[in-house]
Amino acid sequence: MAEYSALSIIRNALSGNTNWKPAWRKPDPKPSYDVIIIGGGGHGLSTAYYLAKEHGIRNVAVLERGYLGSGNVGRNTTAVRSNYLLPQNIRFYEHSMKMWERLSHDLNYNVMFSQRGVLNLAHTPAQLDDYTRRGNAMRHLDADAELMDVAAIKRLMPIVDDSKTARFPIYGGLMQWRAGTARHDAVAWGYARGADRRGVDILENCEVTGFIRDGDRIAGVTTSRGEIRAKKVAVAVAGSTGHVMRMAGIDRMPIESHVLQAFVSESLKPILDTVVTFGMGHFYVSQSDKGGLVYGGDIDGYNSYAQRGNLPIVEDVMSEMAALFPSLTTVRVLRSWGGVCDMSMDGSPIITTGPLPGMYLNCGWCYGGFKATPASGWCFAHTIAKDAPHELNAPFTLDRFHRGTVIDDKGQGATPRLH
Amino acid sequence: MLITCPYCGPRDVVEFTYQGDGNRTRPDPASTDLNAWNAYVYDRVNIAGDQNEIWQHSGGCRTHLAVTRNTLTHKISSVRSTHAEPPAPPKPARKKPRAKA
Ligand SMILES: Cc1cc2nc3c(=O)[nH]c(=O)nc-3n(C[C@H](O)[C@H](O)[C@H](O)COP(=O)(O)OP(=O)(O)OC[C@H]3O[C@@H](n4cnc5c(N)ncnc54)[C@H](O)[C@@H]3O)c2cc1C
Ligand SMILES: [Zn+2]
């Protein structure tokens, strides 16, 4: 199996780079497994990894429709943070943050986790009060948060327009220094290699087309590579949740699929060494190691399973960038793309047993599920192995919407485009 | 994306407000059936393909529209007013006074 070191780079360079070993096998499906995980995104792969590592369940297959990493795990803008308001979210995402801090070591795979900080800018005194409250809530539960004044923000980020005449003058900001970014592909590859090594079969180009039932119990799946049976079937298909659950006869869910776009600019010299969010509207940006600005904003706002967006949001995102950083108006956009996000009705995820016997469900990540990848897989593996949630994911049930226990961090109500 | 409003003709999507899944029926306001209300507020059909949805021409004539749109291609196959019968255009309150000779 592939190991990477300075020596292996030299050795492989000398042999023309033709002897690299694949990082994971390409096995044929077995007729049955203990656990099948549908979806080879970050969450499916990390679930498989922790099932094998933490619970000794190794007779596992991950079924991926396309190639590994073709979903949102390879499309996101890589921000990792735990700056939430509600205790359920802070606890869960802070657990994830602590896992990120050890992840490269744990996987023996460099996921390039960079704790460069995530700064939320406030543009009114009321917004700063609101951030103060959120920062206090975070510190109360062991996450880090720091209020910054305008002078400190300007020192950190000289290109920002801090003038009183800016379209939306800056009043301060809330910084989480331990937050940052990671290399998204490496996260998928690292988990895939780790799971594969422990015996998990990763089956690419294996699209689930239906469920096999044994009475009312889910007993396996039909796929483009034949029937596969399993004692337990876990669904982790992010943006495709509605589509896949319909195959199991569940035609209404507290989920809407929406497209989120992202953009990368041409390479620039280092100008921004943190992740910044704009508080008037929705815009966030960081600079990649290659020098490109990686940025995005709102979802397009209407249901979409197309992995491409429309122009009004492009205009929206660019105008917000120009308002915050006027000097960037001459920078050219290199490329843009879209990914389909599973927007839940309260903005929080679902990690649960059920809703059918033999089934387990992981979804509702909205546009913030990359940072959850370690904790989501860790909690989902626990839920699958023990047939009961861990206390960290116990609040994230499917029936909370009907029981009046929604976890609506921003208090926006059941309207995905406001989350 | 263009939406062809039955009153205003083809208009850019920025003139419209998305109001979501058009398969939901709002319970009677006097209803105390919690399940029906929960389903109305939180449950969505979310089809990959032709989907019924509600849009409002908020930047135009403000009519609520029942739209059938494909969520994979963004192609719109039908647009009509959410009223069963589109209301007839209002009649002039009184006859225009004829210009006196
Ligand atoms: C543009 C963009 C920017 C984002 N930015 C951030 C960010 O900065 N920070 C952050 O935390 N989050 C961000 N996110 C959200 C994050 O990427 C997602 O929440 C997360 O990746 C979803 O989990 P996943 O990795 O398992 O999903 P995916 O990688 O989408 O995995 C789901 C997989 O299921 C597969 N699948 C679907 N149907 C089937 C089927 N029938 N059979 C077999 N397989 C199937 C898909 O092919 C896919 O590979 C962003 C998302 C987008 C689109
Ligand atoms: Zn109109």
# chains A, B, ... in the order shown; residues from 1 in each chain; ligands from 1
>>> residues_near_ligand(ligand="ligand 1", cutoff="7 Å", atoms="only C-alpha atoms and all ligand atoms", output="VMD selection string")
chain A and resid 38 to 44 63 to 66 68 to 80 206 to 209 236 to 240 244 259 to 262 337 to 341 365 to 373
>>> write_last_selection(atoms="N, CA and C atoms", output="short mmCIF file (atom, residue, chain, number, x, y, z; two decimals), in the first residue's frame")
data_model
loop_
_atom_site.label_atom_id
_atom_site.label_comp_id
_atom_site.auth_asym_id
_atom_site.auth_seq_id
_atom_site.Cartn_x
_atom_site.Cartn_y
_atom_site.Cartn_z
N ILE A 38 -23.84 3.80 1.69
CA ILE A 38 -24.11 4.36 0.36
C ILE A 38 -23.55 5.78 0.35
N GLY A 39 -22.65 6.08 -0.58
CA GLY A 39 -22.06 7.41 -0.70
C GLY A 39 -20.60 7.42 -0.29
N GLY A 40 -19.71 7.62 -1.28
CA GLY A 40 -18.27 7.67 -0.99
C GLY A 40 -17.78 9.10 -0.92
N GLY A 41 -18.51 9.94 -0.17
CA GLY A 41 -18.03 11.29 0.13
C GLY A 41 -17.24 11.23 1.42
N GLY A 42 -16.93 12.41 1.97
CA GLY A 42 -16.16 12.47 3.20
C GLY A 42 -16.85 11.70 4.32
N HIS A 43 -18.16 11.86 4.44
CA HIS A 43 -18.86 11.27 5.58
C HIS A 43 -18.96 9.75 5.45
N GLY A 44 -19.23 9.24 4.24
CA GLY A 44 -19.29 7.80 4.03
C GLY A 44 -17.94 7.16 4.33
N LEU A 63 -20.27 2.28 -1.15
CA LEU A 63 -20.75 2.26 -2.54
C LEU A 63 -20.82 3.68 -3.08
N GLU A 64 -20.01 3.95 -4.08
CA GLU A 64 -19.96 5.31 -4.63
C GLU A 64 -20.41 5.28 -6.09
N ARG A 65 -21.37 6.15 -6.40
CA ARG A 65 -21.93 6.21 -7.74
C ARG A 65 -20.88 6.55 -8.80
N GLY A 66 -20.05 7.55 -8.53
CA GLY A 66 -19.05 8.00 -9.51
C GLY A 66 -17.66 7.58 -9.07
N LEU A 68 -14.38 8.34 -6.47
CA LEU A 68 -14.27 8.76 -5.09
C LEU A 68 -13.92 10.24 -5.00
N GLY A 69 -14.72 10.98 -4.27
CA GLY A 69 -14.46 12.41 -4.13
C GLY A 69 -15.15 13.26 -5.19
N SER A 70 -16.06 12.66 -5.96
CA SER A 70 -16.71 13.44 -7.03
C SER A 70 -17.86 14.29 -6.49
N GLY A 71 -18.25 14.07 -5.26
CA GLY A 71 -19.33 14.86 -4.67
C GLY A 71 -18.80 16.10 -3.98
N ASN A 72 -19.51 16.52 -2.94
CA ASN A 72 -19.17 17.78 -2.29
C ASN A 72 -17.85 17.74 -1.53
N VAL A 73 -17.38 16.54 -1.18
CA VAL A 73 -16.12 16.50 -0.45
C VAL A 73 -14.99 17.08 -1.33
N GLY A 74 -15.14 16.98 -2.65
CA GLY A 74 -14.14 17.56 -3.54
C GLY A 74 -14.56 18.88 -4.14
N ARG A 75 -15.66 19.45 -3.66
CA ARG A 75 -16.18 20.69 -4.25
C ARG A 75 -16.26 21.83 -3.26
N ASN A 76 -15.98 21.56 -1.99
CA ASN A 76 -16.23 22.60 -0.99
C ASN A 76 -15.07 23.58 -0.89
N THR A 77 -15.30 24.64 -0.12
CA THR A 77 -14.29 25.70 0.02
C THR A 77 -13.47 25.52 1.31
N THR A 78 -13.56 24.36 1.92
CA THR A 78 -12.63 23.83 2.92
C THR A 78 -12.56 24.56 4.27
N ALA A 79 -13.52 25.41 4.57
CA ALA A 79 -13.46 26.09 5.87
C ALA A 79 -13.85 25.12 6.98
N VAL A 80 -13.06 25.11 8.03
CA VAL A 80 -13.29 24.25 9.20
C VAL A 80 -13.40 25.15 10.42
N CYS A 206 -20.44 2.45 -8.62
CA CYS A 206 -21.41 1.48 -8.12
C CYS A 206 -22.61 2.28 -7.61
N GLU A 207 -23.57 2.54 -8.50
CA GLU A 207 -24.71 3.39 -8.14
C GLU A 207 -25.82 2.54 -7.53
N VAL A 208 -26.32 2.96 -6.39
CA VAL A 208 -27.46 2.28 -5.78
C VAL A 208 -28.72 2.68 -6.55
N THR A 209 -29.49 1.66 -6.98
CA THR A 209 -30.69 1.93 -7.78
C THR A 209 -31.97 1.53 -7.06
N ALA A 236 -25.42 7.90 3.30
CA ALA A 236 -24.66 9.14 3.51
C ALA A 236 -24.41 9.79 2.16
N VAL A 237 -25.50 10.23 1.51
CA VAL A 237 -25.38 10.69 0.12
C VAL A 237 -25.56 12.21 -0.02
N ALA A 238 -25.51 12.94 1.09
CA ALA A 238 -25.55 14.40 1.07
C ALA A 238 -26.65 14.93 0.13
N GLY A 239 -26.28 15.63 -0.94
CA GLY A 239 -27.25 16.28 -1.82
C GLY A 239 -28.25 15.34 -2.47
N SER A 240 -27.94 14.05 -2.55
CA SER A 240 -28.85 13.10 -3.19
C SER A 240 -29.80 12.42 -2.21
N VAL A 244 -32.41 9.26 -3.03
CA VAL A 244 -32.14 7.91 -2.54
C VAL A 244 -33.23 7.45 -1.56
N VAL A 259 -28.25 24.15 -4.94
CA VAL A 259 -26.89 24.24 -5.46
C VAL A 259 -26.15 25.42 -4.82
N LEU A 260 -24.90 25.17 -4.42
CA LEU A 260 -24.01 26.23 -3.92
C LEU A 260 -22.84 26.33 -4.88
N GLN A 261 -22.51 27.56 -5.27
CA GLN A 261 -21.39 27.77 -6.18
C GLN A 261 -20.14 28.19 -5.43
N ALA A 262 -18.99 27.95 -6.05
CA ALA A 262 -17.72 28.41 -5.49
C ALA A 262 -16.84 28.92 -6.63
N TRP A 337 -17.71 26.48 -9.99
CA TRP A 337 -18.41 25.21 -10.09
C TRP A 337 -19.55 25.22 -9.08
N GLY A 338 -20.34 24.18 -9.07
CA GLY A 338 -21.42 24.09 -8.09
C GLY A 338 -21.49 22.70 -7.50
N GLY A 339 -22.07 22.62 -6.32
CA GLY A 339 -22.28 21.32 -5.67
C GLY A 339 -23.67 21.32 -5.07
N VAL A 340 -24.29 20.13 -4.99
CA VAL A 340 -25.67 20.04 -4.51
C VAL A 340 -25.67 19.76 -3.01
N CYS A 341 -26.28 20.67 -2.26
CA CYS A 341 -26.24 20.61 -0.80
C CYS A 341 -27.58 20.13 -0.25
N TRP A 365 -26.52 18.34 5.83
CA TRP A 365 -25.27 19.07 6.13
C TRP A 365 -25.26 20.49 5.60
N CYS A 366 -26.31 20.87 4.86
CA CYS A 366 -26.37 22.22 4.30
C CYS A 366 -25.05 22.49 3.58
N TYR A 367 -24.50 23.73 3.70
CA TYR A 367 -23.21 23.93 3.03
C TYR A 367 -22.07 23.96 4.03
N GLY A 368 -22.25 23.22 5.13
CA GLY A 368 -21.21 23.26 6.16
C GLY A 368 -20.75 21.91 6.64
N GLY A 369 -20.87 20.89 5.81
CA GLY A 369 -20.57 19.54 6.29
C GLY A 369 -19.14 19.10 6.17
N PHE A 370 -18.29 19.87 5.47
CA PHE A 370 -16.89 19.43 5.35
C PHE A 370 -16.22 19.42 6.72
N LYS A 371 -16.43 20.49 7.48
CA LYS A 371 -15.79 20.58 8.80
C LYS A 371 -16.28 19.49 9.73
N ALA A 372 -17.45 18.93 9.43
CA ALA A 372 -18.03 17.89 10.28
C ALA A 372 -17.48 16.51 9.96
N THR A 373 -16.74 16.37 8.84
CA THR A 373 -16.37 15.04 8.34
C THR A 373 -15.85 14.09 9.43
#
>>> residues_near_ligand(ligand="ligand 2", cutoff="12 Å", atoms="only C-alpha atoms and all ligand atoms", output="CSV table (one decimal) with N, CA, C and O atoms, in the first residue's frame")
chain,number,residue,atom,x,y,z
B,3,ILE,N,-38.4,33.0,-16.5
B,3,ILE,CA,-39.7,32.4,-16.1
B,3,ILE,C,-40.7,33.3,-16.9
B,3,ILE,O,-40.7,34.5,-16.9
B,4,THR,N,-41.6,32.6,-17.7
B,4,THR,CA,-42.6,33.3,-18.5
B,4,THR,C,-43.8,33.5,-17.6
B,4,THR,O,-44.7,32.6,-17.5
B,5,CYS,N,-44.0,34.7,-17.1
B,5,CYS,CA,-45.2,35.0,-16.3
B,5,CYS,C,-46.4,35.2,-17.2
B,5,CYS,O,-46.2,35.8,-18.3
B,6,PRO,N,-47.5,34.5,-16.9
B,6,PRO,CA,-48.6,34.6,-17.8
B,6,PRO,C,-49.1,36.0,-18.1
B,6,PRO,O,-49.8,36.3,-19.0
B,7,TYR,N,-48.8,36.9,-17.2
B,7,TYR,CA,-49.2,38.3,-17.3
B,7,TYR,C,-48.2,39.2,-18.0
B,7,TYR,O,-48.5,40.1,-18.8
B,8,CYS,N,-46.9,39.0,-17.6
B,8,CYS,CA,-45.8,39.9,-17.9
B,8,CYS,C,-44.9,39.4,-19.0
B,8,CYS,O,-44.0,40.1,-19.5
B,9,GLY,N,-45.0,38.1,-19.4
B,9,GLY,CA,-44.1,37.5,-20.4
B,9,GLY,C,-42.8,37.0,-19.8
B,9,GLY,O,-42.7,37.0,-18.5
B,10,PRO,N,-41.8,36.7,-20.6
B,10,PRO,CA,-40.6,36.1,-20.1
B,10,PRO,C,-39.8,37.2,-19.3
B,10,PRO,O,-39.5,38.3,-19.8
B,11,ARG,N,-39.4,36.8,-18.1
B,11,ARG,CA,-38.7,37.7,-17.2
B,11,ARG,C,-37.5,37.0,-16.5
B,11,ARG,O,-37.6,35.8,-16.3
B,12,ASP,N,-36.5,37.7,-16.2
B,12,ASP,CA,-35.3,37.2,-15.5
B,12,ASP,C,-35.7,36.7,-14.2
B,12,ASP,O,-36.5,37.2,-13.4
B,13,VAL,N,-35.0,35.6,-13.7
B,13,VAL,CA,-35.3,34.9,-12.5
B,13,VAL,C,-35.1,35.9,-11.3
B,13,VAL,O,-35.8,35.7,-10.2
B,15,GLU,N,-36.3,38.6,-10.8
B,15,GLU,CA,-37.6,39.3,-10.5
B,15,GLU,C,-38.5,38.5,-9.6
B,15,GLU,O,-39.6,38.9,-9.2
B,16,PHE,N,-38.2,37.2,-9.4
B,16,PHE,CA,-39.1,36.3,-8.8
B,16,PHE,C,-38.6,35.8,-7.4
B,16,PHE,O,-37.4,35.8,-7.2
B,17,THR,N,-39.5,35.6,-6.5
B,17,THR,CA,-39.1,35.0,-5.2
B,17,THR,C,-39.6,33.5,-5.1
B,17,THR,O,-40.7,33.2,-5.5
B,55,TRP,N,-43.6,30.1,-7.2
B,55,TRP,CA,-42.8,31.3,-7.3
B,55,TRP,C,-43.7,32.5,-7.2
B,55,TRP,O,-44.9,32.4,-7.6
B,56,GLN,N,-43.2,33.6,-6.7
B,56,GLN,CA,-44.0,34.9,-6.8
B,56,GLN,C,-43.3,35.9,-7.7
B,56,GLN,O,-42.0,36.1,-7.6
B,57,HIS,N,-44.0,36.5,-8.6
B,57,HIS,CA,-43.4,37.5,-9.4
B,57,HIS,C,-43.3,38.8,-8.6
B,57,HIS,O,-44.0,39.8,-8.9
B,58,SER,N,-42.5,38.7,-7.6
B,58,SER,CA,-42.5,39.8,-6.6
B,58,SER,C,-41.9,41.1,-7.2
B,58,SER,O,-42.3,42.2,-6.7
B,59,GLY,N,-41.1,41.0,-8.2
B,59,GLY,CA,-40.5,42.3,-8.8
B,59,GLY,C,-41.3,42.6,-10.0
B,59,GLY,O,-40.8,43.4,-10.9
B,60,GLY,N,-42.6,42.2,-10.1
B,60,GLY,CA,-43.4,42.5,-11.3
B,60,GLY,C,-44.8,42.6,-10.8
B,60,GLY,O,-45.2,43.4,-9.9
B,61,CYS,N,-45.7,41.7,-11.4
B,61,CYS,CA,-47.1,41.9,-11.1
B,61,CYS,C,-47.5,41.3,-9.7
B,61,CYS,O,-48.7,41.4,-9.3
B,62,ARG,N,-46.6,40.6,-9.0
B,62,ARG,CA,-46.8,40.1,-7.7
B,62,ARG,C,-47.7,38.8,-7.7
B,62,ARG,O,-48.1,38.4,-6.6
B,63,THR,N,-48.1,38.3,-8.8
B,63,THR,CA,-48.9,37.1,-8.8
B,63,THR,C,-48.1,35.9,-8.3
B,63,THR,O,-46.9,35.8,-8.6
B,64,HIS,N,-48.8,35.0,-7.6
B,64,HIS,CA,-48.2,33.7,-7.2
B,64,HIS,C,-48.4,32.7,-8.3
B,64,HIS,O,-49.4,32.6,-8.9
B,65,LEU,N,-47.3,32.1,-8.7
B,65,LEU,CA,-47.3,31.2,-9.9
B,65,LEU,C,-47.0,29.8,-9.5
B,65,LEU,O,-46.1,29.5,-8.7
B,79,VAL,N,-46.1,27.2,-16.5
B,79,VAL,CA,-46.2,28.3,-15.6
B,79,VAL,C,-47.7,28.8,-15.6
B,79,VAL,O,-48.2,29.0,-16.7
B,80,ARG,N,-48.4,28.8,-14.5
B,80,ARG,CA,-49.7,29.3,-14.5
B,80,ARG,C,-49.9,30.0,-13.1
B,80,ARG,O,-49.2,29.8,-12.2
B,81,SER,N,-51.0,30.8,-13.1
B,81,SER,CA,-51.3,31.4,-11.8
B,81,SER,C,-51.8,30.4,-10.8
B,81,SER,O,-52.3,29.4,-11.2
>>> residues_around(residues="range 154-167 of chain A", least_positions_apart="2", cutoff="6 Å", atoms="only C-alpha atoms", output="short mmCIF file (atom, residue, chain, number, x, y, z; two decimals) with N, CA, C and O atoms, in the first residue's frame")
data_model
loop_
_atom_site.label_atom_id
_atom_site.label_comp_id
_atom_site.auth_asym_id
_atom_site.auth_seq_id
_atom_site.Cartn_x
_atom_site.Cartn_y
_atom_site.Cartn_z
N ALA A 151 -8.90 48.14 14.38
CA ALA A 151 -7.46 48.32 14.18
C ALA A 151 -6.77 46.95 14.08
O ALA A 151 -5.91 46.74 13.21
N ALA A 152 -7.17 46.03 14.94
CA ALA A 152 -6.56 44.69 14.91
C ALA A 152 -6.90 43.98 13.61
O ALA A 152 -6.07 43.26 13.03
N PRO A 169 -19.43 49.88 6.64
CA PRO A 169 -18.24 50.03 7.48
C PRO A 169 -18.13 48.88 8.49
O PRO A 169 -19.13 48.34 8.95
N LEU A 324 -15.98 44.66 0.10
CA LEU A 324 -15.07 44.43 1.22
C LEU A 324 -13.62 44.72 0.83
O LEU A 324 -12.86 45.30 1.61
N PHE A 325 -13.24 44.30 -0.36
CA PHE A 325 -11.84 44.44 -0.83
C PHE A 325 -11.84 45.15 -2.19
O PHE A 325 -11.70 44.49 -3.22
#
>>> residues_around(residues="Asp43 in chain B", least_positions_apart="4", cutoff="10 Å", atoms="only C-alpha atoms", output="list in words")
Asp251, Arg252, Met253, Pro254, Ile255, Glu256, Ser344, Met345, Phe401, His402 and Ala414 of chain A; Asp21, Arg24, Trp37, Asn38 and Ala39 of chain B
>>> write_last_selection(atoms="N, CA and C atoms", output="CSV table (one decimal), in the first residue's frame")
chain,number,residue,atom,x,y,z
A,251,ASP,N,-41.1,9.5,0.6
A,251,ASP,CA,-41.1,10.5,-0.4
A,251,ASP,C,-41.2,11.9,0.1
A,252,ARG,N,-41.2,12.1,1.4
A,252,ARG,CA,-41.1,13.4,2.0
A,252,ARG,C,-40.1,13.4,3.1
A,253,MET,N,-39.2,14.4,3.1
A,253,MET,CA,-38.1,14.5,4.1
A,253,MET,C,-38.0,16.0,4.4
A,254,PRO,N,-37.5,16.3,5.6
A,254,PRO,CA,-37.2,17.7,6.0
A,254,PRO,C,-35.9,18.3,5.3
A,255,ILE,N,-35.8,18.0,4.0
A,255,ILE,CA,-34.5,18.3,3.3
A,255,ILE,C,-34.9,18.8,1.9
A,256,GLU,N,-34.2,19.9,1.5
A,256,GLU,CA,-34.3,20.3,0.1
A,256,GLU,C,-32.9,20.3,-0.5
A,344,SER,N,-31.2,21.2,5.4
A,344,SER,CA,-32.2,20.7,6.3
A,344,SER,C,-33.1,21.9,6.7
A,345,MET,N,-34.2,21.6,7.3
A,345,MET,CA,-35.2,22.7,7.6
A,345,MET,C,-34.8,23.5,8.8
A,401,PHE,N,-38.2,17.5,14.0
A,401,PHE,CA,-39.0,18.6,13.3
A,401,PHE,C,-40.5,18.4,13.7
A,402,HIS,N,-40.9,17.1,13.9
A,402,HIS,CA,-42.3,16.9,14.3
A,402,HIS,C,-42.5,16.9,15.8
A,414,ALA,N,-38.0,27.4,8.7
A,414,ALA,CA,-37.9,26.3,7.7
A,414,ALA,C,-37.7,26.8,6.2
B,21,ASP,N,-41.6,24.1,-2.5
B,21,ASP,CA,-42.4,22.9,-2.8
B,21,ASP,C,-43.9,23.2,-3.0
B,24,ARG,N,-47.4,21.0,-1.3
B,24,ARG,CA,-47.9,21.0,0.1
B,24,ARG,C,-49.3,21.7,0.1
B,37,TRP,N,-49.9,20.1,10.4
B,37,TRP,CA,-49.1,21.4,10.4
B,37,TRP,C,-47.6,21.1,10.3
B,38,ASN,N,-47.2,20.1,11.0
B,38,ASN,CA,-45.7,19.7,11.0
B,38,ASN,C,-45.3,19.3,9.5
B,39,ALA,N,-46.2,18.5,8.9
B,39,ALA,CA,-45.9,18.1,7.6
B,39,ALA,C,-45.8,19.3,6.6
>>> interface_residues(of="chain B", to="chain A", cutoff="9 Å", atoms="only C-alpha atoms", output="mmCIF file with C-alpha atoms, in the first residue's frame")
data_model
loop_
_atom_site.group_PDB
_atom_site.id
_atom_site.type_symbol
_atom_site.label_atom_id
_atom_site.label_comp_id
_atom_site.auth_asym_id
_atom_site.auth_seq_id
_atom_site.Cartn_x
_atom_site.Cartn_y
_atom_site.Cartn_z
ATOM 1 C CA MET B 1 -33.080 31.234 -16.061
ATOM 2 C CA VAL B 13 -35.306 34.937 -12.462
ATOM 3 C CA VAL B 14 -34.092 37.825 -10.254
ATOM 4 C CA THR B 17 -39.136 34.990 -5.183
ATOM 5 C CA TYR B 18 -38.928 31.253 -4.670
ATOM 6 C CA GLN B 19 -41.575 29.883 -2.323
ATOM 7 C CA GLY B 20 -40.659 26.236 -2.519
ATOM 8 C CA ASP B 21 -42.383 22.898 -2.830
ATOM 9 C CA LEU B 34 -50.372 18.824 14.678
ATOM 10 C CA ASN B 35 -49.196 16.214 12.187
ATOM 11 C CA ASN B 38 -45.726 19.739 10.955
ATOM 12 C CA ALA B 39 -45.881 18.087 7.555
ATOM 13 C CA VAL B 41 -44.030 23.338 7.583
ATOM 14 C CA TYR B 42 -41.161 20.812 7.457
ATOM 15 C CA ASP B 43 -41.678 18.008 4.935
ATOM 16 C CA ARG B 44 -40.654 18.420 1.299
ATOM 17 C CA VAL B 45 -40.999 16.345 -1.857
ATOM 18 C CA ASN B 46 -37.582 17.438 -3.288
ATOM 19 C CA ILE B 47 -37.746 15.582 -6.627
ATOM 20 C CA ALA B 48 -34.742 15.035 -8.909
ATOM 21 C CA GLY B 49 -36.642 15.804 -12.121
ATOM 22 C CA GLN B 51 -41.000 19.375 -9.692
ATOM 23 C CA ASN B 70 -36.866 20.312 -13.894
ATOM 24 C CA THR B 71 -34.410 20.359 -10.975
ATOM 25 C CA LEU B 72 -31.725 18.575 -13.028
ATOM 26 C CA THR B 73 -31.800 20.840 -16.096
ATOM 27 C CA HIS B 74 -33.550 24.011 -14.779
#
>>> closest_residue(among="A:Asp185, A:Asp387, A:Asp408, A:Glu54", to="Gly347 in chain A", atoms="only C-alpha atoms")
A:Asp408
